[in-house]
Amino acid sequence: MIDWLGDGTMAAIVGLVTGVMLGLAARLGRFCTLGAIEDYFYGNNDLRLRMWGVAIGVAVFGTFGLMAGGLLSPMDTIYLGFAFAPIGAIFGGLVFGYGMALAGNCGYGALARLGGGDLRNFVIVVVMGIAAFATISGPLAYLRVAVFPQGRADAPAGIAHTLGEVVGVSPNLIGMIAGLVILALTIAPSHVRKAPEYIAWGAVVGLSVVLAWAGTQWIAEYAFNPAIVASHTFAAPLGETILWTMTASGSSLSFAVGSVCGVWCGAFLGSLIKGHFRWEACEDPRELRRQVFGAALMGVGAVVAMGCSIGQGLSAMSVLAWSAPLVVASIFAGAWLGLRQLIAGWAPAE
């Protein structure tokens, strides 16, 4: 099949199928990073945050299951293959989280809302993609490399692998146990088990990450040309998709392009199923200015942190990379600061 379709097209198909799962989860299951944070801090509701916990638990267990079965090589993943850079993780996460609050969405959420007809999020997608590429290989790349250098790791830069080396236990076993523990702790409260739809859609999200790792690793094993082993993230892939739409006749498809298109298609389908599709546009110049600025910050922050809320929060977390919990905590802190500015302002409480 790879000989017939080509490894790029096959990777795009993997991205498309697993991206559709993410898009459906966003529209039908209301899976959303910023929405979960807003519900927790301002709505006293942790269900969507616990949906994230389910997704992480399933992703961790499934990914380490792939490693245990020889279906995923840890060093082939970008999150374990690059050395842990805590300063970049913290700074990038804070910038991304703050930008997410200003824009009103992350890259994944913007794609999902765009699939529902919200043209305001088209601006976020485009600006975020361009800002990410400007930071990867454009004029901001010189500053990024100088201030936040990123180098290859000599051994998997992951929590399970480091712990396994210390205690002499298989990192795959540690990872699978960690995934089950995360899942059990997440669904332990009775109010979570009374909302099975949240558990189900969280599991769908986690499974999409696992299937992406499995599919791209299989392609890398059998492809004639070197292929990238990847799972979902939505910063650089937005820029890559924009670039592909302009140069498709002279370039090949990739997992990133398929992933972006898959989320949009899944969200579009989900919005039709729910009857929520409607065209929307920005009527307030101040809102548009805030969204453009926030999207630019997200593009820069995600590249410095080596992943967005999905890239680090799910894909990197699925391999228990050292960077993942630090970036996620920084994203939460940055989002809290941004939401506080938007909702309450900076005036001290009386």
# chains A, B, ... in the order shown; residues from 1 in each chain; ligands from 1
call {"tool": "residues_around", "arguments": {"residues": "Ala316 (chain A)", "least_positions_apart": "4", "cutoff": "10 Å", "atoms": "only C-alpha atoms", "output": "ChimeraX atom specification"}}
result
/A:56,59-60,77-80,158,209,231-233,306-312,320-325,327
call {"tool": "residues_around", "arguments": {"residues": "Thr135 (chain A)", "least_positions_apart": "6", "cutoff": "7 Å", "atoms": "only C-alpha atoms", "output": "MDAnalysis selection string"}}
result
chainID A and resid 141 144 300 303
call {"tool": "atom_distance", "arguments": {"atom1": "CA of Trp336 (chain A)", "atom2": "CA of Tyr98 (chain A)"}}
result
7.5 Å
call {"tool": "residues_around", "arguments": {"residues": "Gly69 (chain A)", "least_positions_apart": "6", "cutoff": "12 Å", "atoms": "only C-alpha atoms", "output": "ChimeraX atom specification"}}
result
/A:62-63,172-173,176,214
call {"tool": "write_last_selection", "arguments": {"atoms": "N, CA, C and O atoms", "output": "JSON list (two decimals), in the first residue's frame"}}
result
[["chain", "number", "residue", "atom", "x", "y", "z"],
["A", 62, "GLY", "N", -1.90, 3.31, 26.36],
["A", 62, "GLY", "CA", -1.82, 2.78, 25.00],
["A", 62, "GLY", "C", -0.46, 2.97, 24.36],
["A", 62, "GLY", "O", 0.05, 2.08, 23.67],
["A", 63, "THR", "N", 0.14, 4.13, 24.58],
["A", 63, "THR", "CA", 1.45, 4.42, 23.96],
["A", 63, "THR", "C", 2.53, 3.52, 24.52],
["A", 63, "THR", "O", 3.36, 2.98, 23.78],
["A", 172, "ASN", "N", 8.37, 0.52, 30.12],
["A", 172, "ASN", "CA", 7.06, 0.26, 29.53],
["A", 172, "ASN", "C", 6.05, -0.16, 30.58],
["A", 172, "ASN", "O", 4.89, 0.26, 30.56],
["A", 173, "LEU", "N", 6.49, -0.98, 31.52],
["A", 173, "LEU", "CA", 5.60, -1.39, 32.62],
["A", 173, "LEU", "C", 5.25, -0.18, 33.49],
["A", 173, "LEU", "O", 4.09, 0.00, 33.87],
["A", 176, "MET", "N", 2.69, 1.96, 31.59],
["A", 176, "MET", "CA", 1.34, 1.39, 31.54],
["A", 176, "MET", "C", 0.65, 1.49, 32.89],
["A", 176, "MET", "O", -0.54, 1.80, 32.96],
["A", 214, "ALA", "N", 1.08, 4.75, 16.38],
["A", 214, "ALA", "CA", 1.18, 3.43, 15.77],
["A", 214, "ALA", "C", 1.23, 3.52, 14.25],
["A", 214, "ALA", "O", 2.05, 2.85, 13.60]]
call {"tool": "residues_around", "arguments": {"residues": "Pro226 (chain A)", "least_positions_apart": "2", "cutoff": "12 Å", "atoms": "only C-alpha atoms", "output": "list in words"}}
result
Gly6, Asp7, Gly8, Asp76, Thr216, Gln217, Trp218, Ile219, Ala220, Glu221, Tyr222, Ala223, Phe224, Ile228 and Val229 of chain A
call {"tool": "atom_distance", "arguments": {"atom1": "CA of Cys265 (chain A)", "atom2": "CA of Leu22 (chain A)"}}
result
9.8 Å
call {"tool": "closest_residue", "arguments": {"among": "A:Trp264, A:Tyr40, A:Phe148, A:Phe293", "to": "Ala25 (chain A)", "atoms": "only C-alpha atoms"}}
result
A:Trp264
call {"tool": "select_by_dssp", "arguments": {"residues": "region 194-272 of chain A", "states": "alpha helix (DSSP H)", "output": "PyMOL selection string"}}
result
chain A and resi 196-222+236-247+255-272
